[in-house]
Amino acid sequence: MTTYVHSDLDVSAAKVVASGQALYPAEARTSAATAIALHPNTSPMSEADRAKILENPGFGQYFSDNVVRARWNKAQGWTAGELISSATSSGGFGMNALHYGQSIFEGLKAYRHEDGSIYTFRPEANALRFQRSATRLALPPVPTDLFIGAIEALVSQDQAWVPNDPDKSLYLRPLEFGSENALGVRPSLEVTYVLMACPVGAYFPQGVKPVSVWLSDDYVRAAPGGTGEAKCAGNYAASLVAQAEATENGCDQVVWIDANERKYIEEMGGMNMFFVYGSGNSARLVTPKLTGTLLPGVTRDSILTLARDLGYEVEEGTISVEQWREGCASGEITETFACGTAAVITPVGRVDSKNSGAWTIADGGSGDVTMKLRAALVDIQTGRAPDTHNWLHRLV
Ligand SMILES: *Cc1c(COP(=O)(O)O)cnc(C)c1O
């Protein structure tokens with residue numbers, strides 16, 4: 001059995017400064033053929049039942065047959081992962097994560113290519129972000145080889161769950177939480193890492209459709225010094241009431257504004273945002289810079305690179321609500337989109353708010369630049385375009 005030697009919170013790579021490229025260095029991309037002990041589900045779902053689910057998987061409703069679990073404790077550090085039935089669940093009501101929210105997660109996907117092979121996209125970037133989230137939440141970082149080794153083992157075991165359709169994929173959900181049963185408010189002395197997988201369908205079954213957004217004037221997602229940069233459970237719990245307000249106001253999604261000045265756009269729900277100025281080859285893209293209160297998206301980072309490849313000028317800067325509204329009114333801003341692993345790229349077509357009025361985006365949101373970038377990214381992920389940046393990691 002492999003034991004991962006890892007001191008408590010010492011993860012120098014995880015302390016890389018959050019600025020664009022430097023966040024995700026092209027570190028060694030060796031295969032993480034980690035020793036994951038295999039104890040797979042002895043009664044996996046029948047082929048017929050699985051086929052029915054894969055036809056219309058929705059998002060996160062069905063889980064594949066297995067998960068990978070690894071445990072950490074203060075005395076021994078990380079122990080090797082084991083692949084076990086996804087029906088296994090353990091823990092108690094006293095778990096630290098339930099009471100105090102010491103819990104973080106990740107999200108990435110496995111894509112089946114036309115020749116049947118299966119790849120994931122930039123897993124070392126998710127591993128690094130997971131380590132940074134862990135550091136912020138006083139959890140022991142999961143070593144990169146355990147993180148990627150778990151993905152390799154699970155997708156290899158449950159490969160029949162990776163849909164055979166370029167519009168669908170297998171969503172991978174790494175989760176780490178304090179699993180000690182003890183009510184003291186302190187970092188948990190026992191921690192569990194779990195990787196689970198859900199088949200997911202096209203986010204837009206009827207084709208890419210622009211969303212409407214509600215500016216959150218009353219609720220703040222993240223403040224300087226807080227946990228905005230970490231993918232931690234509490235951020236999402238705190239966002240639900242704002243999302244409900246957006247829904248009540250007839251909007252699909254929330255857009256968050258900075259906590260200090262209540263003026264600058266930060267992100268949309270669980271996605272980063274891009275604003276397109278001008279059109280055609282002379283288009284210029286602006287995305288809010290990573291100030292410490294934004295979640296540094298892997299999709300955002302990839303789009304910055306692909307936009308430069310396509311010859312667009314790109315800028316990580318600031319954009320205020322007023323600049324967004326006036327830019328749309330003058331026609332200077334032609335497109336706005338949000339991006340993230342789940343939905344890839346979502347055009348924004350309409351904005352509404354309590355304090356800043358309502359407006360629409362020139363071309364209804366599904367403009368040229370948005371769709372070009374979407375195609376460039378999806379084509380790499382699904383193997384239809386060359387992987388020029390060495391972003392794909394073969395799993396099967
Ligand atoms: C996960 C997430 C994103 C997008 O990150 P990706 O790595 O591109 O999937 C953006 N914002 C928030 C708040 C998120 O949780």
# chains A, B, ... in the order shown; residues from 1 in each chain; ligands from 1
>>> select_by_dssp(residues="segment 44-229 of chain A", states="helix (DSSP H, G or I)", output="MDAnalysis selection string")
chainID A and resid 47:55 96:100 123:136 144:157 159:161
>>> residues_near_ligand(ligand="ligand 1", cutoff="6 Å", atoms="only C-alpha atoms and all ligand atoms", output="JSON, numbers by chain")
{"A": [231, 270, 271, 272, 295, 297, 298, 299, 300, 340, 341]}
>>> write_last_selection(atoms="N, CA and C atoms", output="PDB file, in the first residue's frame")
ATOM      1  N   LYS A 231     -12.784  26.904  -3.686  1.00  0.00           N
ATOM      2  CA  LYS A 231     -14.027  26.229  -4.065  1.00  0.00           C
ATOM      3  C   LYS A 231     -14.510  25.491  -2.823  1.00  0.00           C
ATOM      4  N   GLY A 270     -21.609  30.253 -10.642  1.00  0.00           N
ATOM      5  CA  GLY A 270     -20.357  29.505 -10.567  1.00  0.00           C
ATOM      6  C   GLY A 270     -19.560  29.591 -11.840  1.00  0.00           C
ATOM      7  N   MET A 271     -19.546  30.753 -12.468  1.00  0.00           N
ATOM      8  CA  MET A 271     -18.820  30.899 -13.735  1.00  0.00           C
ATOM      9  C   MET A 271     -18.118  32.251 -13.785  1.00  0.00           C
ATOM     10  N   ASN A 272     -16.996  32.315 -14.500  1.00  0.00           N
ATOM     11  CA  ASN A 272     -16.296  33.579 -14.723  1.00  0.00           C
ATOM     12  C   ASN A 272     -16.890  34.293 -15.942  1.00  0.00           C
ATOM     13  N   LEU A 295     -13.148  33.208  -8.110  1.00  0.00           N
ATOM     14  CA  LEU A 295     -12.688  31.831  -8.244  1.00  0.00           C
ATOM     15  C   LEU A 295     -11.892  31.746  -9.550  1.00  0.00           C
ATOM     16  N   GLY A 297     -11.043  30.266 -12.550  1.00  0.00           N
ATOM     17  CA  GLY A 297     -11.543  29.170 -13.376  1.00  0.00           C
ATOM     18  C   GLY A 297     -10.498  28.622 -14.335  1.00  0.00           C
ATOM     19  N   VAL A 298     -10.509  27.311 -14.497  1.00  0.00           N
ATOM     20  CA  VAL A 298      -9.635  26.680 -15.486  1.00  0.00           C
ATOM     21  C   VAL A 298     -10.148  27.044 -16.889  1.00  0.00           C
ATOM     22  N   THR A 299     -11.463  27.145 -17.032  1.00  0.00           N
ATOM     23  CA  THR A 299     -12.037  27.525 -18.323  1.00  0.00           C
ATOM     24  C   THR A 299     -11.632  28.965 -18.661  1.00  0.00           C
ATOM     25  N   ARG A 300     -11.724  29.853 -17.678  1.00  0.00           N
ATOM     26  CA  ARG A 300     -11.308  31.246 -17.870  1.00  0.00           C
ATOM     27  C   ARG A 300      -9.866  31.309 -18.360  1.00  0.00           C
ATOM     28  N   GLY A 340     -17.339  28.170 -17.597  1.00  0.00           N
ATOM     29  CA  GLY A 340     -16.999  27.243 -16.519  1.00  0.00           C
ATOM     30  C   GLY A 340     -17.101  25.825 -17.051  1.00  0.00           C
ATOM     31  N   THR A 341     -16.592  24.876 -16.306  1.00  0.00           N
ATOM     32  CA  THR A 341     -16.544  23.492 -16.771  1.00  0.00           C
ATOM     33  C   THR A 341     -17.931  22.937 -17.112  1.00  0.00           C
TER      34      THR A 341
END
>>> residues_around(residues="Phe147 of chain A", least_positions_apart="3", cutoff="10 Å", atoms="only C-alpha atoms", output="number ranges by chain")
A: 32, 34, 68, 70, 81, 123-124, 126-128, 130-131, 141-144, 150-152, 174, 193-195
>>> atom_distance(atom1="atom CA of Ile84 of chain A", atom2="atom CA of Ala230 of chain A")
27.9 Å
>>> closest_residue(among="A:Asn164, A:Gln323, A:Thr120, A:Gln61", to="Asp387 of chain A", atoms="only C-alpha atoms")
A:Thr120
>>> select_by_dssp(residues="segment 18-218 of chain A", states="strand (DSSP E)", output="JSON, numbers by chain")
{"A": [37, 38, 66, 67, 68, 69, 70, 71, 72, 73, 77, 78, 79, 82, 83, 84, 85, 103, 104, 105, 108, 109, 110, 111, 112, 118, 119, 120, 121, 169, 170, 171, 172, 173, 174, 175, 176, 177, 178, 190, 191, 192, 193, 194, 195, 196, 197, 198, 199, 200, 211, 212, 213, 214, 215]}
>>> residues_around(residues="Arg350 of chain A", least_positions_apart="3", cutoff="7 Å", atoms="only C-alpha atoms", output="JSON, numbers by chain")
{"A": [211, 212, 213, 359, 360, 361]}
>>> atom_distance(atom1="atom CA of Thr336 of chain A", atom2="atom CA of Gly107 of chain A")
23.3 Å
>>> residues_around(residues="Phe177 of chain A", least_positions_apart="6", cutoff="8 Å", atoms="only C-alpha atoms", output="JSON, numbers by chain")
{"A": [96, 97, 102, 103, 104, 139, 191, 192, 193]}
